[in-house]
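Structure file work.txt (compact mmCIF, C-alpha atoms and all ligand atoms) is printed below.
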# COMPACT_ATOMS: atom_id res chain seq x y z
CA MET A 1 190.27 -32.11 -81.77
CA ASN A 2 191.38 -32.76 -85.35
CA LEU A 3 193.57 -35.86 -85.34
CA PHE A 4 194.54 -35.51 -89.00
CA ASN A 5 196.78 -33.15 -90.95
CA SER A 6 194.65 -30.05 -91.39
CA ASN A 7 196.37 -29.26 -94.70
CA ARG A 8 195.53 -32.63 -96.29
CA TYR A 9 192.98 -31.28 -98.74
CA ASN A 10 195.45 -28.71 -100.07
CA GLU A 11 198.21 -31.29 -100.48
CA MET A 12 196.08 -33.76 -102.51
CA LYS A 13 194.63 -32.95 -105.93
CA TYR A 14 191.08 -34.01 -106.77
CA ARG A 15 189.76 -34.74 -110.25
CA ARG A 16 186.18 -34.54 -111.40
CA CYS A 17 184.65 -37.93 -112.08
CA GLY A 18 183.47 -37.53 -115.67
CA ASN A 19 180.73 -34.89 -115.89
CA SER A 20 179.42 -35.62 -112.41
CA GLY A 21 179.59 -33.56 -109.24
CA LEU A 22 181.88 -36.13 -107.63
CA LEU A 23 185.56 -35.34 -107.05
CA LEU A 24 188.02 -38.15 -106.41
CA PRO A 25 191.63 -37.95 -105.17
CA GLU A 26 194.31 -38.62 -107.78
CA LEU A 27 195.34 -41.61 -105.68
CA SER A 28 192.72 -43.89 -104.10
CA LEU A 29 193.25 -46.89 -101.81
CA GLY A 30 191.96 -50.37 -102.61
CA LEU A 31 191.41 -53.03 -99.93
CA TRP A 32 191.49 -56.16 -102.11
CA HIS A 33 194.62 -57.60 -100.45
CA ASN A 34 196.22 -56.88 -97.05
CA PHE A 35 193.00 -55.96 -95.17
CA GLY A 36 191.48 -59.42 -94.65
CA GLY A 37 191.05 -61.57 -91.59
CA VAL A 38 194.38 -63.26 -92.43
CA ASP A 39 196.23 -59.93 -92.34
CA THR A 40 197.50 -57.84 -89.42
CA PHE A 41 194.75 -55.55 -88.22
CA GLU A 42 197.18 -52.96 -86.87
CA ASN A 43 198.97 -52.65 -90.21
CA ALA A 44 195.65 -52.37 -92.05
CA THR A 45 194.50 -49.64 -89.65
CA ASN A 46 197.75 -47.70 -90.02
CA ILE A 47 197.51 -47.76 -93.82
CA VAL A 48 193.91 -46.50 -93.88
CA LEU A 49 194.63 -43.73 -91.38
CA LYS A 50 197.82 -42.62 -93.15
CA ALA A 51 195.94 -42.53 -96.45
CA PHE A 52 193.21 -40.35 -94.97
CA ASP A 53 195.82 -38.12 -93.35
CA LYS A 54 197.35 -37.58 -96.80
CA GLY A 55 194.08 -36.50 -98.42
CA ILE A 56 193.04 -39.87 -99.82
CA THR A 57 189.29 -39.67 -99.38
CA HIS A 58 188.37 -42.68 -101.49
CA PHE A 59 188.50 -46.27 -100.22
CA ASP A 60 187.50 -49.08 -102.55
CA LEU A 61 186.09 -52.41 -101.35
CA ALA A 62 184.04 -55.35 -102.62
CA ASN A 63 181.87 -57.95 -100.93
CA ASN A 64 184.45 -60.70 -101.48
CA TYR A 65 187.67 -58.90 -100.41
CA GLY A 66 189.55 -60.75 -97.69
CA PRO A 67 190.31 -63.57 -97.26
CA PRO A 68 187.99 -64.76 -95.93
CA PRO A 69 185.45 -63.03 -98.19
CA GLY A 70 183.77 -60.14 -96.38
CA SER A 71 186.58 -59.62 -93.89
CA ALA A 72 188.07 -56.54 -95.61
CA GLU A 73 184.70 -54.81 -95.21
CA GLU A 74 184.69 -55.86 -91.55
CA THR A 75 188.22 -54.50 -91.06
CA PHE A 76 187.28 -51.22 -92.72
CA GLY A 77 184.07 -51.03 -90.66
CA LYS A 78 186.12 -51.35 -87.47
CA VAL A 79 188.48 -48.55 -88.48
CA LEU A 80 185.50 -46.38 -89.35
CA ARG A 81 183.93 -46.98 -85.96
CA ASN A 82 187.12 -46.65 -83.94
CA GLN A 83 189.21 -43.98 -85.63
CA LEU A 84 187.21 -42.35 -88.41
CA TYR A 85 184.04 -41.84 -86.41
CA GLY A 86 182.76 -38.38 -87.27
CA TYR A 87 184.49 -38.28 -90.68
CA ARG A 88 181.87 -40.12 -92.78
CA ASP A 89 181.03 -37.03 -94.83
CA GLU A 90 184.69 -36.65 -95.83
CA LEU A 91 184.86 -40.18 -97.28
CA ILE A 92 183.93 -41.83 -100.56
CA ILE A 93 183.43 -45.52 -99.84
CA SER A 94 182.72 -47.95 -102.66
CA THR A 95 181.81 -51.60 -102.71
CA LYS A 96 180.87 -54.11 -105.39
CA ALA A 97 179.13 -57.39 -106.09
CA GLY A 98 179.57 -59.75 -109.01
CA TYR A 99 181.92 -62.56 -108.00
CA ARG A 100 181.04 -65.65 -105.94
CA MET A 101 180.16 -64.63 -102.39
CA TRP A 102 177.93 -67.39 -101.02
CA PRO A 103 176.84 -70.87 -102.19
CA GLY A 104 173.89 -71.55 -104.42
CA PRO A 105 172.42 -69.89 -107.51
CA TYR A 106 172.02 -66.43 -105.84
CA GLY A 107 175.59 -65.90 -104.66
CA GLU A 108 177.25 -64.30 -107.72
CA TRP A 109 176.78 -62.45 -111.07
CA GLY A 110 174.23 -59.68 -111.72
CA SER A 111 170.68 -60.65 -110.76
CA LYS A 112 168.49 -58.39 -108.65
CA LYS A 113 168.34 -61.14 -106.00
CA TYR A 114 172.13 -61.32 -105.61
CA LEU A 115 173.02 -57.64 -105.90
CA THR A 116 170.32 -56.50 -103.46
CA ALA A 117 171.23 -59.06 -100.79
CA SER A 118 174.94 -58.41 -101.25
CA LEU A 119 174.72 -54.66 -100.75
CA ASP A 120 172.66 -55.18 -97.58
CA GLN A 121 175.34 -57.54 -96.27
CA SER A 122 178.14 -55.07 -97.17
CA LEU A 123 176.38 -52.23 -95.37
CA LYS A 124 176.06 -54.37 -92.25
CA ARG A 125 179.72 -55.46 -92.33
CA MET A 126 180.91 -51.86 -92.63
CA GLY A 127 178.29 -50.44 -90.27
CA LEU A 128 177.08 -47.96 -92.90
CA ASP A 129 173.65 -46.61 -93.93
CA TYR A 130 174.83 -46.12 -97.51
CA VAL A 131 177.88 -46.47 -99.76
CA ASP A 132 179.00 -43.64 -102.00
CA ILE A 133 179.52 -45.86 -105.05
CA PHE A 134 178.10 -49.31 -105.68
CA TYR A 135 179.52 -51.31 -108.60
CA SER A 136 178.41 -54.20 -110.71
CA HIS A 137 181.75 -56.02 -110.39
CA ARG A 138 181.51 -57.88 -113.71
CA PHE A 139 179.18 -58.19 -116.69
CA ASP A 140 176.73 -61.09 -116.40
CA PRO A 141 176.17 -62.73 -119.80
CA ASN A 142 173.05 -64.59 -118.58
CA THR A 143 171.09 -61.89 -116.72
CA PRO A 144 169.42 -59.21 -118.85
CA LEU A 145 171.48 -56.04 -118.56
CA GLU A 146 168.16 -54.21 -117.95
CA GLU A 147 167.79 -56.16 -114.68
CA THR A 148 171.29 -55.29 -113.42
CA VAL A 149 170.92 -51.62 -114.37
CA HIS A 150 167.42 -51.40 -112.90
CA THR A 151 168.69 -52.90 -109.63
CA LEU A 152 171.55 -50.38 -109.42
CA ASN A 153 169.04 -47.60 -110.03
CA GLN A 154 166.81 -48.95 -107.25
CA MET A 155 169.73 -48.85 -104.82
CA VAL A 156 170.11 -45.15 -105.50
CA LEU A 157 166.37 -44.54 -105.10
CA GLN A 158 166.45 -46.44 -101.79
CA GLY A 159 169.32 -44.26 -100.57
CA LYS A 160 171.68 -47.22 -100.20
CA ALA A 161 174.11 -45.89 -102.84
CA LEU A 162 174.71 -42.31 -103.95
CA TYR A 163 176.35 -43.17 -107.28
CA VAL A 164 176.81 -46.37 -109.26
CA GLY A 165 179.57 -47.83 -111.40
CA ILE A 166 180.53 -50.85 -113.46
CA SER A 167 183.78 -52.77 -113.53
CA SER A 168 185.50 -54.76 -116.27
CA TYR A 169 182.66 -54.26 -118.80
CA SER A 170 183.80 -54.18 -122.44
CA PRO A 171 183.32 -51.00 -124.53
CA GLU A 172 180.18 -52.49 -126.15
CA GLN A 173 178.70 -53.63 -122.83
CA THR A 174 179.49 -50.20 -121.39
CA LYS A 175 177.70 -48.43 -124.25
CA ASN A 176 174.62 -50.60 -123.73
CA ALA A 177 174.66 -49.93 -119.99
CA ILE A 178 174.97 -46.17 -120.56
CA GLU A 179 171.87 -46.21 -122.77
CA LEU A 180 169.87 -47.97 -120.06
CA PHE A 181 171.21 -45.80 -117.21
CA ASN A 182 170.26 -42.72 -119.22
CA GLN A 183 166.64 -43.93 -119.41
CA TYR A 184 166.45 -43.97 -115.61
CA ARG A 185 168.65 -40.88 -115.14
CA THR A 186 170.79 -43.04 -112.80
CA PRO A 187 173.92 -41.31 -111.47
CA PHE A 188 176.21 -43.77 -113.27
CA VAL A 189 179.50 -41.95 -112.97
CA ILE A 190 182.42 -44.36 -113.06
CA HIS A 191 184.00 -47.38 -114.74
CA GLN A 192 186.70 -49.44 -113.01
CA PRO A 193 188.92 -51.32 -115.49
CA LYS A 194 192.28 -52.97 -115.04
CA TYR A 195 194.75 -50.52 -116.55
CA ASN A 196 198.52 -50.35 -116.23
CA MET A 197 201.62 -50.25 -118.43
CA LEU A 198 201.46 -54.03 -118.89
CA ALA A 199 197.67 -54.18 -119.43
CA ARG A 200 196.55 -51.52 -121.90
CA GLU A 201 193.23 -52.99 -123.02
CA PRO A 202 191.20 -49.85 -122.05
CA GLU A 203 193.02 -47.99 -124.85
CA ASN A 204 191.17 -50.18 -127.38
CA GLY A 205 187.87 -48.32 -127.22
CA LEU A 206 186.85 -48.18 -123.56
CA LEU A 207 188.55 -44.86 -122.72
CA ASN A 208 186.88 -43.26 -125.77
CA VAL A 209 183.43 -44.52 -124.79
CA LEU A 210 183.90 -43.11 -121.28
CA ALA A 211 185.21 -39.74 -122.47
CA GLU A 212 182.43 -39.37 -125.06
CA ASN A 213 179.79 -40.01 -122.42
CA GLY A 214 181.29 -38.02 -119.56
CA ILE A 215 181.95 -41.05 -117.38
CA GLY A 216 184.94 -41.18 -115.01
CA CYS A 217 187.59 -43.90 -114.99
CA ILE A 218 189.46 -45.33 -112.00
CA ALA A 219 192.32 -47.67 -112.94
CA PHE A 220 192.73 -50.83 -110.84
CA SER A 221 195.96 -52.81 -110.39
CA PRO A 222 198.00 -49.81 -111.63
CA LEU A 223 201.23 -51.51 -110.52
CA ALA A 224 200.25 -54.86 -112.08
CA GLN A 225 199.96 -56.23 -108.53
CA GLY A 226 203.57 -55.29 -107.81
CA LEU A 227 205.23 -56.29 -111.11
CA LEU A 228 205.63 -52.59 -111.94
CA THR A 229 207.68 -51.90 -108.82
CA ASP A 230 211.24 -52.76 -107.87
CA LYS A 231 209.89 -55.66 -105.75
CA TYR A 232 210.55 -58.54 -108.14
CA LEU A 233 213.62 -57.26 -109.98
CA ASN A 234 215.95 -59.59 -108.07
CA GLY A 235 213.72 -62.58 -107.34
CA ILE A 236 210.49 -63.21 -105.45
CA PRO A 237 210.65 -61.96 -101.84
CA SER A 238 208.99 -64.25 -99.29
CA ASP A 239 206.67 -61.48 -98.03
CA SER A 240 205.40 -60.58 -101.52
CA ARG A 241 201.95 -61.14 -103.01
CA ALA A 242 203.38 -63.63 -105.51
CA ALA A 243 204.79 -65.73 -102.66
CA LYS A 244 201.63 -65.68 -100.54
CA GLU A 245 199.11 -68.51 -100.72
CA SER A 246 196.12 -66.17 -100.59
CA GLY A 247 197.41 -63.74 -103.21
CA PHE A 248 196.02 -63.47 -106.73
CA LEU A 249 199.46 -62.91 -108.26
CA LYS A 250 201.07 -66.26 -108.96
CA MET A 251 204.78 -67.11 -109.05
CA GLU A 252 204.41 -68.03 -112.72
CA ASP A 253 203.22 -64.46 -113.47
CA VAL A 254 206.70 -63.23 -112.57
CA THR A 255 208.22 -64.12 -115.93
CA LEU A 256 211.61 -63.27 -117.33
CA ALA A 257 209.99 -61.19 -120.10
CA VAL A 258 208.06 -59.06 -117.57
CA ILE A 259 211.12 -58.55 -115.37
CA GLU A 260 213.18 -57.46 -118.37
CA LYS A 261 210.55 -54.85 -119.22
CA ALA A 262 210.38 -53.71 -115.60
CA LYS A 263 214.17 -53.31 -115.49
CA ALA A 264 214.19 -51.23 -118.68
CA LEU A 265 211.32 -49.10 -117.36
CA GLN A 266 213.16 -48.62 -114.09
CA LEU A 267 216.03 -46.95 -115.98
CA ILE A 268 213.59 -44.35 -117.30
CA SER A 269 212.06 -43.88 -113.87
CA LYS A 270 215.53 -43.25 -112.42
CA SER A 271 216.21 -40.57 -115.01
CA ARG A 272 212.97 -38.93 -113.83
CA ASN A 273 214.08 -39.23 -110.18
CA GLN A 274 211.20 -41.61 -109.52
CA THR A 275 210.84 -45.17 -108.37
CA LEU A 276 209.31 -47.55 -110.90
CA ALA A 277 206.08 -47.62 -108.87
CA GLN A 278 205.89 -43.84 -108.92
CA MET A 279 206.41 -43.74 -112.67
CA ALA A 280 203.71 -46.38 -113.20
CA VAL A 281 201.22 -44.26 -111.23
CA ALA A 282 202.31 -41.07 -113.00
CA TRP A 283 201.98 -42.70 -116.43
CA LEU A 284 198.27 -43.32 -115.74
CA LEU A 285 197.66 -39.87 -114.29
CA ALA A 286 199.15 -38.33 -117.42
CA ARG A 287 196.02 -39.48 -119.31
CA LYS A 288 193.18 -37.02 -119.07
CA GLU A 289 190.58 -39.81 -119.13
CA ILE A 290 191.83 -41.11 -115.78
CA THR A 291 190.02 -39.75 -112.73
CA SER A 292 191.96 -41.67 -110.09
CA VAL A 293 194.60 -44.37 -109.75
CA LEU A 294 193.50 -47.15 -107.39
CA VAL A 295 196.55 -48.62 -105.69
CA GLY A 296 196.87 -51.45 -103.23
CA VAL A 297 199.66 -51.42 -100.63
CA SER A 298 200.92 -53.80 -97.98
CA SER A 299 202.66 -51.11 -95.89
CA VAL A 300 202.58 -47.44 -95.02
CA ASN A 301 206.00 -47.09 -96.71
CA GLN A 302 204.59 -48.30 -100.03
CA LEU A 303 201.71 -45.85 -99.69
CA MET A 304 204.14 -42.97 -99.11
CA ASP A 305 206.25 -44.09 -102.08
CA ASN A 306 203.20 -44.09 -104.36
CA LEU A 307 201.93 -40.75 -103.06
CA ALA A 308 205.21 -39.12 -104.07
CA ALA A 309 204.31 -39.86 -107.71
CA LEU A 310 201.71 -37.11 -107.66
CA GLY A 311 204.25 -34.32 -107.79
CA ASN A 312 205.82 -35.53 -111.04
CA ALA A 313 203.16 -36.81 -113.43
CA ALA A 314 204.20 -35.07 -116.65
CA PHE A 315 206.13 -36.95 -119.38
CA THR A 316 208.13 -35.68 -122.31
CA ALA A 317 207.18 -37.00 -125.75
CA ASP A 318 210.54 -38.81 -125.86
CA GLU A 319 209.88 -40.58 -122.57
CA LEU A 320 206.47 -41.78 -123.77
CA VAL A 321 207.94 -43.08 -127.03
CA GLU A 322 210.67 -44.92 -125.15
CA ILE A 323 208.13 -46.44 -122.73
CA ASP A 324 205.98 -47.61 -125.66
CA ARG A 325 209.05 -49.15 -127.29
CA ILE A 326 209.89 -51.10 -124.13
CA LEU A 327 206.32 -52.26 -123.70
CA GLY A 328 206.27 -53.40 -127.32
N1 LIG B 401 187.28 -54.22 -110.08
C1 LIG B 401 188.02 -55.29 -110.02
O1 LIG B 401 187.70 -56.35 -110.56
C2 LIG B 401 189.32 -55.20 -109.28
C3 LIG B 401 190.30 -56.21 -109.42
C4 LIG B 401 191.51 -56.04 -108.75
C5 LIG B 401 191.73 -54.92 -107.95
N2 LIG B 401 190.72 -53.99 -107.81
C6 LIG B 401 190.90 -52.80 -106.94
O2 LIG B 401 192.13 -52.19 -107.20
C7 LIG B 401 192.90 -52.11 -106.00
C8 LIG B 401 194.36 -52.19 -106.32
O3 LIG B 401 194.65 -53.44 -106.94
P1 LIG B 401 196.04 -54.14 -106.67
O4 LIG B 401 196.18 -54.35 -105.21
O5 LIG B 401 196.19 -55.26 -107.60
O6 LIG B 401 196.98 -52.90 -107.07
P2 LIG B 401 198.49 -52.67 -107.43
O7 LIG B 401 198.70 -51.29 -106.89
O8 LIG B 401 198.73 -52.93 -108.85
O9 LIG B 401 199.34 -53.74 -106.57
C9 LIG B 401 199.45 -53.65 -105.20
C10 LIG B 401 200.65 -54.43 -104.70
O10 LIG B 401 201.83 -53.89 -105.28
C11 LIG B 401 202.87 -53.84 -104.31
N3 LIG B 401 203.24 -52.42 -104.12
C12 LIG B 401 202.42 -51.35 -104.04
N4 LIG B 401 203.11 -50.22 -103.91
C13 LIG B 401 204.42 -50.56 -103.93
C14 LIG B 401 205.62 -49.83 -103.85
N5 LIG B 401 205.62 -48.50 -103.77
N6 LIG B 401 206.79 -50.52 -103.90
C15 LIG B 401 206.82 -51.88 -104.01
N7 LIG B 401 205.70 -52.63 -104.09
C16 LIG B 401 204.51 -51.98 -104.04
C17 LIG B 401 202.33 -54.48 -103.05
O11 LIG B 401 202.66 -55.85 -103.14
P3 LIG B 401 203.08 -56.74 -101.89
O12 LIG B 401 201.78 -57.09 -101.24
O13 LIG B 401 203.77 -57.89 -102.53
O14 LIG B 401 203.96 -55.91 -101.01
C18 LIG B 401 200.84 -54.28 -103.20
O15 LIG B 401 200.10 -55.22 -102.48
C19 LIG B 401 192.36 -53.27 -105.17
O16 LIG B 401 192.66 -53.13 -103.79
C20 LIG B 401 190.90 -53.17 -105.46
O17 LIG B 401 190.32 -52.12 -104.72
C21 LIG B 401 189.56 -54.11 -108.46
Re-express the file's structure as structure tokens.
Amino acid sequence: MNLFNSNRYNEMKYRRCGNSGLLLPELSLGLWHNFGGVDTFENATNIVLKAFDKGITHFDLANNYGPPPGSAEETFGKVLRNQLYGYRDELIISTKAGYRMWPGPYGEWGSKKYLTASLDQSLKRMGLDYVDIFYSHRFDPNTPLEETVHTLNQMVLQGKALYVGISSYSPEQTKNAIELFNQYRTPFVIHQPKYNMLAREPENGLLNVLAENGIGCIAFSPLAQGLLTDKYLNGIPSDSRAAKESGFLKMEDVTLAVIEKAKALQLISKSRNQTLAQMAVAWLLARKEITSVLVGVSSVNQLMDNLAALGNAAFTADELVEIDRILG
């Protein structure tokens, strides 16, 4: 019996990831926050299942997501075993390694020792034979890039990852990595940068490098961790990421200047019959370099709100000029 909406793949749009054979949904779900051991398992399960029911095939994890680190992969593994059993071939599951995961000199960065051990641990936590995408989570200035790239290539040869990606590498580091990946013919298909209306760094070269080389781009923190939603417009709610001890958004990030921008942007979103969150997602999807927008959510309602952005992702030239003016 099919437990999920049988029309889900017609309702979602899928974009090609660069020049590769891989298609990703316009909206993907990230499990950085809200899926850890400190969070409610039932809520986490409901979000994953609703996402899948809506045609979201791509779920993004990392070794350290939690807290505690590793627990988001365990949560996801449980949902896979309990409710998504039998659907593995309809899913694109990614994980990463790069940040501190265990003590000692082999618990972070980009060495073969760390990356190899970390992927094996991730596979165990999720109960998987392979991930669809494995990422180097950050550039390591002290390990030769050849070693990191060679290790990612080995993972593909060993069948532990189908594709590989890099995250938060600069345009120059990305170019160097592409050259090395090309030597091995590694299926390096995707870059994961932070990109949103308040953080436009990828426009300074990275998007061009990716487009020129046929590499896909998935934007993380598209809502600036919630700042580009109506959540903080009237203060800091007690159940918000900024108010939580374990969250990466700090109270001091919710500045007057950011809230003023968000309020001005919200006026434009209203004139488009969208919420601010929906407009922030749509603004990214309007760029042809973007393969997918990687949101995080703390509830099924937020997920549904963000999904509704997909029907209205075109902007007039006037709207874009006005948005640029607000963003300064
Ligand atoms: N590669 C990397 O280094 C890296 C770094 C960061 C993130 N990521 C990936 O990107 C994913 C997304 O990052 P993110 O969680 O920072 O994304 P985000 O989408 O910018 O922020 C998510 C937060 O925004 C709020 N939110 C979402 N939808 C909302 C809505 N419709 N209305 C009101 N509030 C809403 C929620 O905050 P509340 O919890 O306060 O409700 C939610 O937890 C991560 O899960 C991870 O997979 C990767």
Between A:Ile93, A:Ala72, A:Leu29, A:Cys217, which is the closest to ligand LIG 401 (chain B) once you count only C-alpha atoms and all ligand atoms?
-> A:Leu29
Contacts to ligand LIG 401 (chain B) at 6 Å cut-off (only C-alpha atoms and all ligand atoms) as number ranges by chain | A: 30-33, 60-61, 137, 167, 192, 220-226, 229-231, 240-241, 277, 294-298, 302, 305-306
With a distance cut-off of 7 Å and all atoms listed in the file, select the neighbouring residues of region 39-48 of chain A, excluding the residue or stretch itself and same-chain residues fewer than 4 positions from it, and output the selection as a ChimeraX atom specification.
-> /A:34-35,52,79,299-300
Selected residue of minimal separation from Lys244 (chain A) among A:Gly214, A:Pro67, A:Pro25, A:Gly98, counting all atoms listed in the file |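 Checking each candidate against Lys244 (chain A), we get A:Pro67 as the closest.
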Extract, using all atoms listed in the file, all DNA, RNA and protein residues at most 8 Å from Val254 (chain A), discarding same-chain residues fewer than 5 positions from it, and format them as number ranges by chain.
-> A: 227, 232, 242, 259
How would the residues just picked look written out with C-alpha atoms as an mmCIF file, keeping the file's coordinate frame?
data_model
loop_
_atom_site.group_PDB
_atom_site.id
_atom_site.type_symbol
_atom_site.label_atom_id
_atom_site.label_comp_id
_atom_site.auth_asym_id
_atom_site.auth_seq_id
_atom_site.Cartn_x
_atom_site.Cartn_y
_atom_site.Cartn_z
ATOM 1 C CA LEU A 227 205.230 -56.290 -111.110
ATOM 2 C CA TYR A 232 210.550 -58.540 -108.140
ATOM 3 C CA ALA A 242 203.380 -63.630 -105.510
ATOM 4 C CA ILE A 259 211.120 -58.550 -115.370
#
Using CA of Glu147 (chain A) and CA of Gly110 (chain A) as the two end points, give the distance in Å to one decimal.
->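 Interatomic distance, CA of Glu147 (chain A) to CA of Gly110 (chain A): 7.9 Å.
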Around all of region 35-52 of chain A's listed atoms, make the axis-aligned box with 5 Å on each side and tell me centre and edge lengths in Å to one decimal, as JSON.
{"center_x": 195.0, "center_y": -51.8, "center_z": -91.7, "size_x": 17.9, "size_y": 32.9, "size_z": 19.6}
